[in-house]
Amino acid sequence: MAAYEREIPFLSIPEPESSVHGLSAVWGRGNQLILHTGCGQRRKAEGSGDQVVYHQTPSTLHQVEWQTDMHNPHTRKLVMQSHDVFVSLQKQSPEDKNASRKPQLIKCSRHYRAFIAECVQDLRKASLDPNVDQTEAREYGDQCEIFQTIGLIWSLCEILFVETLPGGIVLQQLLDWVKLHFTEGDVKARNILMAEEIETTEEYWSAIYIYILQGRLTEARHMLSLDPKFQHDTHGAYGRIDELMRRMPVFGTLSRQSLAEFDLKWRHWQDTCRQCLEDQSFVSYPRLEVVCKILCGDQSVLLQEVGDLIQELGGWYHLMVTRLLYTNPTVKAMDLHYHAKASMDACGVSGRMTSLDSILDKALEFDIYQMIKISSATLSNWWFVAHLSDLLHHCGQLDSHQLNFGSDLREFLLLEYSSTLMSHTSFWQVVADYLDHCPQFGRHYLELFIERIPLKTERKALKVLKACEDRDMKEQAQSICKVLGMRCYRQGRLGSALTWCLRSHDPTFATYLADKFLTEYSLKGGFTNIDLLDNLGAGMLLSDRLTFLGKYREFHRLYEQGDFSDAGALLLSLLRARLAPKQFWLTLLTDALPLLELDEVVFSSKQTYELLRCHEELERWFKSEEYKTRILPKKSKGQLELEKEKLELLQLGLSRNIAQALLKEGCGSLQGS
Amino acid sequence: MFKAKSISAEHKDLIHDVAFDFYGQRMATCSSDQSVKVWDLGEDGEWHCTASWKTHSGSVWRVTWAHPEFGQVLASCSFDRTAVVWEEMVGDSKPNERGKHHWAQRAMLVDSRTSVSDVKFAPHHLGLQLATCSADGIVRIYEAPEVTNLATMNLQTELQTKLSCSCLSWNPSRVHPPMIAIGSDSSDPSGGGKVQIYEYKENERKWQKIDTLNVITEAVHDLAFSPNLGRSYHMLAVATKDVRIMTLKPMRRDQFVGSTRIEIRQAAQLVDFKQSQVWRVSWNVTGTILAASSDDGFVRLFKANYLDNWKCIQELKGSDGGPSPALVPSMTGGMHSRQDYPTHRGRNTSSSANQQQQQNGASATREQSNAPQGGRSRYPFMTL
C-alpha cells in the first residue's frame with residue numbers, strides 16, 4: 001500500500017533544453033501552470049560578467065491546465081443544471097429531521113441523475129459527430145463513459161442512502177437499477193421485433209433470458225409468445241412455463257400483504273417451479289429448462305448457461321441482483337454486502353477488483369468514506385463526489401459516520417470542485433454560490449477569487465460588485481471600484497473615474513480627480529460632467545478638495561441662475577474655510593470680479609474686507625519660497641502677466657466696492673435711525 | 001483531464017521569470033536578452049505578445065505586476081543594478097505596429113551598487129510600495145506618494161541584512177502589520193539562518209527585523225508567502241536544497257517591550273529532491289497547491305490534504321527526445337485505462353477503436369487497472 005501511495009503521476013513536457021537549464025513553473029489562473037526553461041542557476045553563476053548568449057532554439061513557454069473536464073459545452077451544461085439543484089438543496093437544513101423532507105431529497109437526487117443522463121447523451125452524440133475533431137471526439141467518448149459510470153454509482157447510492165424504504169426491502173429498487181443501466185435486453189428484443197419474420201435465434205433467447213434475469217417477466221412472456229412453437233404447444237411445456245412466470249409473486253411496497261404472507265406465497269410458487277423441473281416437464285425443451293432453472297434459483301445455471309450474458313450485463317452486481325430475486329427476495333439493504341461478496345467470489349472478481357467494483361462494493365458495505373475516496377481518485381472530476389457527498393450530508397448520512405473531520409469532507413470536496421471551475425471565466429457566479437455553502441473556508445476562497453474575476457465590461461463589474469455587496473465584502477468591493485476608477489482615468493474619462501471613486505471611498509484618489517477637474521476648468525473655463533458634479537450630495541465629503549469642487553460648481557450654478565448674493569457668500573465662504581488650494585485662489589478671486597462690477601452691491605463692506613485680506617494673503621503667497629520653487633518655474637511669461645493684470649483689476653474692483661458698500665450701508669443706517 | 005500547449009516565447013536567451021497579472025489574463029516574461037515581453041490572453045484563448053522592449057543593459061532577473069488599482073504597471077530588476085517601474089500607455093500605439101502597446105519608463109531606481117536580484121510590489125492595501133533586494137545584502141522599500149505619479153518613487157527604507165539577498169516575499173495578510181521575508185543565497189553555513197523576517201512597526205514608523213529562521217542554513221533561492229485564508233498563522237514556502245513549509249504565528253504583543261514575537265514552526269519539509277537545489281516556489285491563488293522547480297529538471301506539485309499532510313501530487317519534467325509529438329502520458333482520457341470500467345462493454349459500438357485506445361492507455365500509463373482500495377489517484381489533484 002505504501003508503495004502505491006508513493007507513486008506519483010508524471011507528465012513529460014517537450015522541452016529539450018530543460019536538461020541543461022532546468023524547468024521552472026509559475027501558477028496562473030485556476031489550475032494552470034506556465035513552464036519555461038531556466039531556473040536560476042545561471043543567475044547565481046553570473047558573478048561579474050553578464051553577456052547575452054543567443055540561443056539556437058527559440059525559447060518556449062508551456063502552458064498546462066488540469067481538470068478542464070467541466071469546461072466543454074456539454075459538461076458546462078451539467079455544471080449549470082446541477083448548480084440549480086445544489087442551491088435548492090441548500091435551502092433545506094440538514095438538522096431538520098422531519099420526514100417530509102425526504103421526498104424533496106429524492107427529487108433532488110432524481111434531478112441530478114436526469115442531468116447526468118442528459119450529459120451522457122450529449123457527450124455520446126458529440127463523440128460520434130463527424131464534424132468534431134478526432135482527439136476531441138475521443139475525449140468526449142471517454143468522458144461519456146465516465147459519466148455513465150457515475151450515473152450507475154449514483155443510482156445505487158440513491159437506493160441505499162436516499163430513497164430508503166421502511167423495513168429496508170430493496171429488491172424492487174435494485175431491479176429498477178439494473179433495468180435502467182443495462183438495456184441490452186431491450187436492444188436485442190428490438191432487433192428481433194424489427195425483423196420481418198420472428199426467428200428464434202440466439203439473440204432471441206438472449207433477450208428472453210435477460211428479461212428474466214432482470215425480473216421483467218411480462219416482457220419475457222411476451223417475447224416467448226412470439227415463438228412459433230408456442231402456438232403448437234403439443235406437450236404443454238410453453239404453457240406451463242408461461243403459467244409459472246405469470247404467477248410469480250412480487251412484493252410491492254404498495255401491496256397490503258405482510259412480509260410473512262409474501263414469503264409464504266413466494267416459497268410456494270418456487271416449490272411449484274421445482275416440482276416442474278423434477279417432473280421433467282421441460283426435458284425436451286432445453287431453453288425452457290434453463291428458464292425454469294433460473295426461476296428455481298439454480299446457482300450453476302447463472303454461471304454456466306447464462307454466465308456470459310451476466311458478464312455482458314456488468315458482472316457480479318447483476319449476478320447479485322438476479323440471485324437475490326430468485327433466492328432471497330426479501331433481502332434487507334444492510335445484508336447486501338454479504339451477497340455482494342458471494343457474487344464477487346462466484347465471478348472471480350475478488351482480488352482483481354476494478355475501481356468501479358470497489359466503489360460499488362464500498363457503497364454496499366455502507367462505507368461512504370471509502371466509496372468517496374476511491375471515486376475521487378478514479379473518476380477524473382470532482383463533480384460527482386462533491387455533489388454526492390453534499391446530498392448524503394443533507395440526508396444525514398455523512399454525519400452518522402464517526403469521522404473526526406465530520407462535514408469537512410463535504411466542504412473539502414465542494415472547495416475542490418469550485419476550484420476547478422475558477423479557471424473558466426463564465427462560471428464565477430456558480431463558484432460564488434458553492435463557496436457560500438462552505439462554512440469554514442468558503443468565504444476566504446471567495447474573497448481571493450472574487451477580486452480576480454476579470455472585468456472586461458462595466459456591466460460585468462456591476463454584477464460582481466453586487467455579488468460583493470450581497471456578501472458584505474467591503475474591501476473587495478472597494479478594490480474593484482478603485483480598479484475601475486483607475487482604468488477610466490487612464491482612458492481619460494474623468495467623470496466615470498469620479499463615479500467609481502465615490503463608490504470606492506478613496507479620499508486620495510478623490511482629491512487627485514478633483515484637482516484634475518479644477519485644472520480642466522482653469523484651462524478650458526468650463527466643467528464637463530456637470531450632472532455628476534451637481535449631484536455629488538454627501539459624496540463630496542469624501543475629501544476636502546472634492547467638497548471644494550462640488551461647492552465651487554454650486555457657486556457657478558447660483559451665478560448662472562442670477563442668485564448673486566448667495567453666490568457671493570458661497571464664494572467667500574470657500575475662501576474663508578481655506579478649502580481651495582492656493583493656486584486656485586486667483587481663479588476664485590477673479591470669479592468675484594463680475595460680482596463686484598454689478599450695479600447692485602453684492603458684497604457688504606465686511607465681506608469686501610475679507611476678500612481684500614484674501615487678496616493680500618495671495619500676494620504674500622506669490623512671494624513665498626514654496627511658490628517660487630514649485631509653481632513659478634512652470635508658468636509662462638504670458639501667464640504671469642495675465643495674473644498680474646488680474647490682481648490689479650481685483651484690487652481696483654475691491655476698493656471701489658468698499659466705497660459703494662459703505663455708502664449703501666451708511667445710507668441704510670441713516671435711514672434706519 | 002489535461003490540456004497542454006506550447007507557446008513560442010521569442011526571447012533570444014533564457015527566460016528568468018514569468019509573472020501573471022492579478023487576473024491571470026496578462027503575462028510578463030523577462031530574459032537574459034535584456035528584454036521584457038507582455039502577453040495578453042485573447043478571446044481565442046491564445047496568448048498574444050502585445051509588447052516587447054529592451055528594458056535593461058543586463059540580464060533581467062525578475063518582473064512583477066502591480067495591483068490593477070494602480071493601473072497597468074510593471075517592475076523589473078536586473079544585473080545592471082537597477083530596478084525600473086513601467087507603465088502601459090493607453091491609446092498611444094504607434095501606427096506602424098498595430099496591436100502593439102507602448103510601455104513607458106516611469107521610475108528608475110538606481111540606489112543599488114550590485115545586481116538587483118528581486119523586486120516585488122507590496123499587497124495593494126499598503127498602497128503603491130515596492131521592495132527590492134540586491135546581492136550586496138540591502139533591501140530597499142520604495143513608496144509612491146501619489147499613486148497617479150509613478151515617476152516619483154521615494155526610497156523609504158534601507159534594510160541591511162548583511163547577507164547576499166536572492167529573494168523576497170511580502171506577507172499578503174490584510175489584518176496583520178506589513179511583513180517581508182528575505183532569503184539569502186549565501187552558501188556559507190556559518191552565516192546562520194538564511195531567511196530573515198521584517199515587520200513594519202506602526203508606532204515607530206520603521207521596519208524592524210523580528211526573527212531569523214535559524215533552521216535554514218543552506219542557500220535559499222526563492223520564498224513565497226501563501227494567501228492567508230483566515231488562518232491565525234502565516235505560511236511561508238522556502239526553496240533551498242529542499243522545500244520547507246514554515247508557519248509563522250504572531251504571538252500577543254508584549255506591552256512592556258513593545259515588540260511582536262512570532263512563533264516559528266516547520267510544518268513540513270518536502271525532501272523529494274535528490275541532490276538538487278530548488279530554485280522556485282509558486283502558490284496557486286488559493287494557496288492550496290505549491291509548485292516547486294528544481295535543477296534536476298523537475299517541477300513538483302505539492303498539496304496538503306484536509307488532514308494537513310503534504311504530498312507530492314504531480315511531477316513534470318522536460319523531455320530530451322527532440323520535438324515530441326505529444327505529451328506523455330496522453331493528456332486526454334488515455335490516462336484512464338479502459339480495463340477499469342468493464343460495465344458498458346456491451347454498448348461500445350466500435351470495438352476496434354476501443355481496442356486501439358486500450359493499447360494507447362497501456363503504453364501511456366505506468367500502471368494498469370486494478371485501482372487499489374487505497375485510492376491512489378491516477379489523476380493529479382484528485383487525492384483526498
# chains A, B, ... in the order shown; residues from 1 in each chain; ligands from 1
>>> residues_around(residues="segment 64-81 of chain B", least_positions_apart="6", cutoff="7 Å", atoms="only C-alpha atoms", output="short mmCIF file (atom, residue, chain, number, x, y, z; two decimals) with N, CA, C and O atoms, in the first residue's frame")
data_model
loop_
_atom_site.label_atom_id
_atom_site.label_comp_id
_atom_site.auth_asym_id
_atom_site.auth_seq_id
_atom_site.Cartn_x
_atom_site.Cartn_y
_atom_site.Cartn_z
N SER A 479 -11.96 47.62 -3.67
CA SER A 479 -10.83 47.41 -4.57
C SER A 479 -11.29 47.38 -6.02
O SER A 479 -10.65 47.95 -6.91
N LYS A 482 -11.90 50.82 -7.16
CA LYS A 482 -10.63 51.52 -7.38
C LYS A 482 -10.03 51.15 -8.73
O LYS A 482 -9.53 51.99 -9.47
N VAL A 483 -10.07 49.84 -9.01
CA VAL A 483 -9.51 49.37 -10.28
C VAL A 483 -10.23 50.04 -11.45
O VAL A 483 -9.60 50.55 -12.38
N MET A 486 -9.44 53.75 -11.73
CA MET A 486 -8.13 53.97 -12.34
C MET A 486 -8.18 53.72 -13.85
O MET A 486 -7.61 54.48 -14.63
N ARG A 487 -8.93 52.68 -14.22
CA ARG A 487 -9.00 52.36 -15.64
C ARG A 487 -9.66 53.51 -16.41
O ARG A 487 -9.18 53.92 -17.45
N ALA B 19 5.49 36.33 -14.95
CA ALA B 19 4.60 36.85 -13.92
C ALA B 19 3.21 37.04 -14.51
O ALA B 19 3.07 37.59 -15.60
N ASP B 21 -0.58 38.75 -14.25
CA ASP B 21 -1.22 39.89 -13.61
C ASP B 21 -2.26 39.36 -12.63
O ASP B 21 -2.47 38.15 -12.51
N PHE B 22 -2.90 40.27 -11.93
CA PHE B 22 -3.82 39.92 -10.85
C PHE B 22 -4.93 38.98 -11.32
O PHE B 22 -5.39 38.13 -10.58
N HIS B 56 16.70 46.76 -19.90
CA HIS B 56 17.89 46.94 -19.08
C HIS B 56 19.12 46.71 -19.94
O HIS B 56 19.03 46.21 -21.07
N SER B 57 20.28 47.00 -19.34
CA SER B 57 21.51 46.69 -20.05
C SER B 57 22.20 45.49 -19.42
O SER B 57 23.41 45.42 -19.32
N GLY B 58 21.42 44.55 -18.96
CA GLY B 58 21.94 43.31 -18.40
C GLY B 58 20.80 42.33 -18.30
O GLY B 58 19.66 42.66 -18.67
N GLU B 87 4.98 51.70 -17.13
CA GLU B 87 3.53 51.88 -17.19
C GLU B 87 3.07 51.80 -18.64
O GLU B 87 3.70 52.38 -19.54
N GLU B 88 1.95 51.11 -18.82
CA GLU B 88 1.43 50.98 -20.17
C GLU B 88 0.70 52.26 -20.55
O GLU B 88 -0.09 52.79 -19.77
N VAL B 110 18.00 53.51 -8.85
CA VAL B 110 19.42 53.28 -9.11
C VAL B 110 20.25 53.22 -7.83
O VAL B 110 21.46 53.39 -7.87
N SER B 112 20.98 50.74 -5.84
CA SER B 112 21.80 49.57 -5.56
C SER B 112 23.16 49.68 -6.26
O SER B 112 23.26 50.21 -7.36
N ARG B 113 24.19 49.14 -5.59
CA ARG B 113 25.51 49.14 -6.23
C ARG B 113 25.88 47.75 -6.76
O ARG B 113 26.97 47.52 -7.23
N THR B 114 24.93 46.82 -6.59
CA THR B 114 25.15 45.49 -7.16
C THR B 114 23.87 45.04 -7.87
O THR B 114 22.85 45.74 -7.82
N SER B 115 23.96 43.88 -8.47
CA SER B 115 22.83 43.30 -9.19
C SER B 115 21.59 43.26 -8.29
O SER B 115 21.65 42.84 -7.14
N VAL B 116 20.47 43.69 -8.83
CA VAL B 116 19.21 43.65 -8.06
C VAL B 116 18.55 42.30 -8.33
O VAL B 116 18.20 41.99 -9.46
N SER B 117 18.43 41.48 -7.27
CA SER B 117 18.02 40.09 -7.50
C SER B 117 16.52 39.87 -7.45
O SER B 117 16.02 38.91 -8.01
N ASP B 118 15.79 40.74 -6.77
CA ASP B 118 14.34 40.52 -6.75
C ASP B 118 13.62 41.85 -6.58
O ASP B 118 14.17 42.80 -6.02
N VAL B 119 12.42 41.91 -7.07
CA VAL B 119 11.58 43.10 -6.93
C VAL B 119 10.14 42.63 -6.77
O VAL B 119 9.69 41.73 -7.47
N LYS B 120 9.44 43.21 -5.80
CA LYS B 120 8.04 42.80 -5.57
C LYS B 120 7.23 44.01 -5.10
O LYS B 120 7.69 44.77 -4.24
N PHE B 121 6.03 44.17 -5.65
CA PHE B 121 5.11 45.18 -5.14
C PHE B 121 4.48 44.68 -3.85
O PHE B 121 4.24 43.48 -3.68
N HIS B 124 -1.80 45.32 -2.16
CA HIS B 124 -2.33 46.63 -2.56
C HIS B 124 -2.92 47.43 -1.41
O HIS B 124 -3.02 48.63 -1.50
N VAL B 147 -0.29 57.83 -6.14
CA VAL B 147 -0.39 56.64 -6.99
C VAL B 147 -0.51 57.03 -8.46
O VAL B 147 -0.34 56.20 -9.35
#
>>> atom_distance(atom1="atom CA of Gln32 of chain A", atom2="atom CA of Ile289 of chain B")
11.2 Å
>>> atom_distance(atom1="atom CA of Glu204 of chain B", atom2="atom CA of Ala131 of chain B")
19.5 Å
>>> residues_around(residues="Thr200 of chain A", least_positions_apart="6", cutoff="9 Å", atoms="only C-alpha atoms", output="ChimeraX atom specification")
/A:192,226-228
>>> closest_residue(among="A:Leu391, A:Leu598, A:Leu217, A:Ala386", to="chain B", atoms="only C-alpha atoms")
A:Ala386
>>> residues_around(residues="Met108 of chain B", least_positions_apart="3", cutoff="9 Å", atoms="only C-alpha atoms", output="PyMOL selection string")
chain B and resi 82-85+105+151+153
>>> residues_around(residues="segment 164-170 of chain A", least_positions_apart="6", cutoff="9 Å", atoms="only C-alpha atoms", output="ChimeraX atom specification")
/A:158,253,329-334
>>> write_last_selection(atoms="N, CA, C and O atoms", output="CSV table (one decimal), in the first residue's frame")
chain,number,residue,atom,x,y,z
A,158,GLU,N,-28.5,6.3,-4.4
A,158,GLU,CA,-29.9,6.8,-4.2
A,158,GLU,C,-30.7,5.7,-3.5
A,158,GLU,O,-31.4,6.0,-2.5
A,253,THR,N,-44.2,-2.3,-2.6
A,253,THR,CA,-44.3,-1.5,-1.3
A,253,THR,C,-45.7,-1.1,-1.1
A,253,THR,O,-46.2,-0.8,0.0
A,329,PRO,N,-35.9,-12.9,-2.0
A,329,PRO,CA,-36.5,-11.6,-2.5
A,329,PRO,C,-36.7,-10.6,-1.3
A,329,PRO,O,-37.0,-9.5,-1.6
A,330,THR,N,-36.7,-11.1,-0.1
A,330,THR,CA,-37.0,-10.1,1.0
A,330,THR,C,-35.7,-9.6,1.7
A,330,THR,O,-35.7,-9.3,2.8
A,331,VAL,N,-34.6,-9.6,0.9
A,331,VAL,CA,-33.3,-9.3,1.5
A,331,VAL,C,-33.4,-7.8,2.0
A,331,VAL,O,-34.0,-6.9,1.4
A,332,LYS,N,-32.6,-7.6,3.1
A,332,LYS,CA,-32.6,-6.2,3.7
A,332,LYS,C,-31.3,-5.5,3.1
A,332,LYS,O,-30.3,-6.2,2.9
A,333,ALA,N,-31.4,-4.2,3.0
A,333,ALA,CA,-30.3,-3.4,2.5
A,333,ALA,C,-29.0,-3.7,3.3
A,333,ALA,O,-27.9,-3.8,2.7
A,334,MET,N,-29.2,-3.8,4.6
A,334,MET,CA,-28.0,-4.0,5.5
A,334,MET,C,-27.2,-5.3,5.2
A,334,MET,O,-26.0,-5.4,5.5
>>> atom_distance(atom1="atom CA of Gly297 of chain A", atom2="atom CA of Gln270 of chain A")
8.5 Å
>>> decode(residues="segment 236-269 of chain A", atoms="N, CA and C atoms", output="short mmCIF file (atom, residue, chain, number, x, y, z; two decimals), in the first residue's frame")
data_model
loop_
_atom_site.label_atom_id
_atom_site.label_comp_id
_atom_site.auth_asym_id
_atom_site.auth_seq_id
_atom_site.Cartn_x
_atom_site.Cartn_y
_atom_site.Cartn_z
N GLY A 236 -47.43 -28.97 -23.98
CA GLY A 236 -47.87 -28.01 -22.95
C GLY A 236 -46.74 -27.39 -22.18
N ALA A 237 -45.49 -27.57 -22.67
CA ALA A 237 -44.33 -27.03 -21.94
C ALA A 237 -44.35 -25.51 -21.94
N TYR A 238 -44.65 -24.93 -23.10
CA TYR A 238 -44.67 -23.47 -23.19
C TYR A 238 -45.74 -22.89 -22.27
N GLY A 239 -46.89 -23.54 -22.29
CA GLY A 239 -47.97 -23.06 -21.44
C GLY A 239 -47.58 -23.12 -19.97
N ARG A 240 -46.87 -24.19 -19.61
CA ARG A 240 -46.51 -24.37 -18.21
C ARG A 240 -45.52 -23.29 -17.75
N ILE A 241 -44.52 -23.07 -18.61
CA ILE A 241 -43.51 -22.07 -18.20
C ILE A 241 -44.15 -20.69 -18.16
N ASP A 242 -45.07 -20.46 -19.11
CA ASP A 242 -45.76 -19.17 -19.13
C ASP A 242 -46.56 -18.99 -17.85
N GLU A 243 -47.20 -20.04 -17.43
CA GLU A 243 -48.00 -20.00 -16.21
C GLU A 243 -47.12 -19.73 -14.99
N LEU A 244 -45.97 -20.40 -14.95
CA LEU A 244 -45.04 -20.20 -13.82
C LEU A 244 -44.61 -18.73 -13.74
N MET A 245 -44.30 -18.21 -14.90
CA MET A 245 -43.83 -16.83 -14.90
C MET A 245 -44.95 -15.87 -14.50
N ARG A 246 -46.14 -16.19 -14.98
CA ARG A 246 -47.26 -15.30 -14.69
C ARG A 246 -47.56 -15.26 -13.20
N ARG A 247 -47.35 -16.41 -12.58
CA ARG A 247 -47.79 -16.49 -11.18
C ARG A 247 -46.73 -16.10 -10.17
N MET A 248 -45.59 -15.70 -10.62
CA MET A 248 -44.54 -15.34 -9.65
C MET A 248 -45.00 -14.15 -8.79
N PRO A 249 -44.99 -14.34 -7.47
CA PRO A 249 -45.42 -13.24 -6.60
C PRO A 249 -44.37 -12.13 -6.56
N VAL A 250 -44.85 -10.90 -6.52
CA VAL A 250 -43.94 -9.75 -6.43
C VAL A 250 -44.31 -8.96 -5.19
N PHE A 251 -43.29 -8.58 -4.42
CA PHE A 251 -43.55 -7.81 -3.21
C PHE A 251 -43.46 -6.33 -3.55
N GLY A 252 -44.62 -5.72 -3.57
CA GLY A 252 -44.61 -4.28 -3.85
C GLY A 252 -44.77 -3.51 -2.57
N THR A 253 -44.20 -2.33 -2.55
CA THR A 253 -44.31 -1.52 -1.34
C THR A 253 -45.75 -1.08 -1.14
N LEU A 254 -46.53 -1.06 -2.21
CA LEU A 254 -47.89 -0.56 -2.09
C LEU A 254 -48.88 -1.68 -1.76
N SER A 255 -48.42 -2.93 -1.94
CA SER A 255 -49.36 -4.04 -1.68
C SER A 255 -49.62 -4.13 -0.18
N ARG A 256 -50.77 -4.69 0.13
CA ARG A 256 -51.17 -4.69 1.55
C ARG A 256 -50.65 -5.90 2.29
N GLN A 257 -50.13 -6.86 1.54
CA GLN A 257 -49.73 -8.09 2.21
C GLN A 257 -48.51 -7.86 3.11
N SER A 258 -48.46 -8.69 4.15
CA SER A 258 -47.33 -8.56 5.06
C SER A 258 -46.16 -9.33 4.45
N LEU A 259 -44.99 -9.08 5.01
CA LEU A 259 -43.78 -9.70 4.52
C LEU A 259 -43.89 -11.24 4.65
N ALA A 260 -44.41 -11.69 5.79
CA ALA A 260 -44.53 -13.13 6.06
C ALA A 260 -45.47 -13.78 5.05
N GLU A 261 -46.54 -13.07 4.78
CA GLU A 261 -47.53 -13.57 3.83
C GLU A 261 -46.89 -13.76 2.46
N PHE A 262 -46.16 -12.71 2.06
CA PHE A 262 -45.49 -12.75 0.77
C PHE A 262 -44.50 -13.89 0.72
N ASP A 263 -43.74 -14.02 1.77
CA ASP A 263 -42.70 -15.03 1.84
C ASP A 263 -43.29 -16.42 1.62
N LEU A 264 -44.41 -16.62 2.28
CA LEU A 264 -45.09 -17.91 2.18
C LEU A 264 -45.51 -18.19 0.73
N LYS A 265 -46.16 -17.20 0.14
CA LYS A 265 -46.63 -17.33 -1.24
C LYS A 265 -45.48 -17.62 -2.17
N TRP A 266 -44.43 -16.87 -1.97
CA TRP A 266 -43.27 -16.96 -2.85
C TRP A 266 -42.64 -18.34 -2.78
N ARG A 267 -42.51 -18.84 -1.55
CA ARG A 267 -41.94 -20.18 -1.37
C ARG A 267 -42.80 -21.22 -2.07
N HIS A 268 -44.06 -21.04 -1.91
CA HIS A 268 -44.98 -21.98 -2.53
C HIS A 268 -44.80 -21.96 -4.05
N TRP A 269 -44.69 -20.78 -4.60
CA TRP A 269 -44.51 -20.63 -6.05
C TRP A 269 -43.24 -21.32 -6.50
#
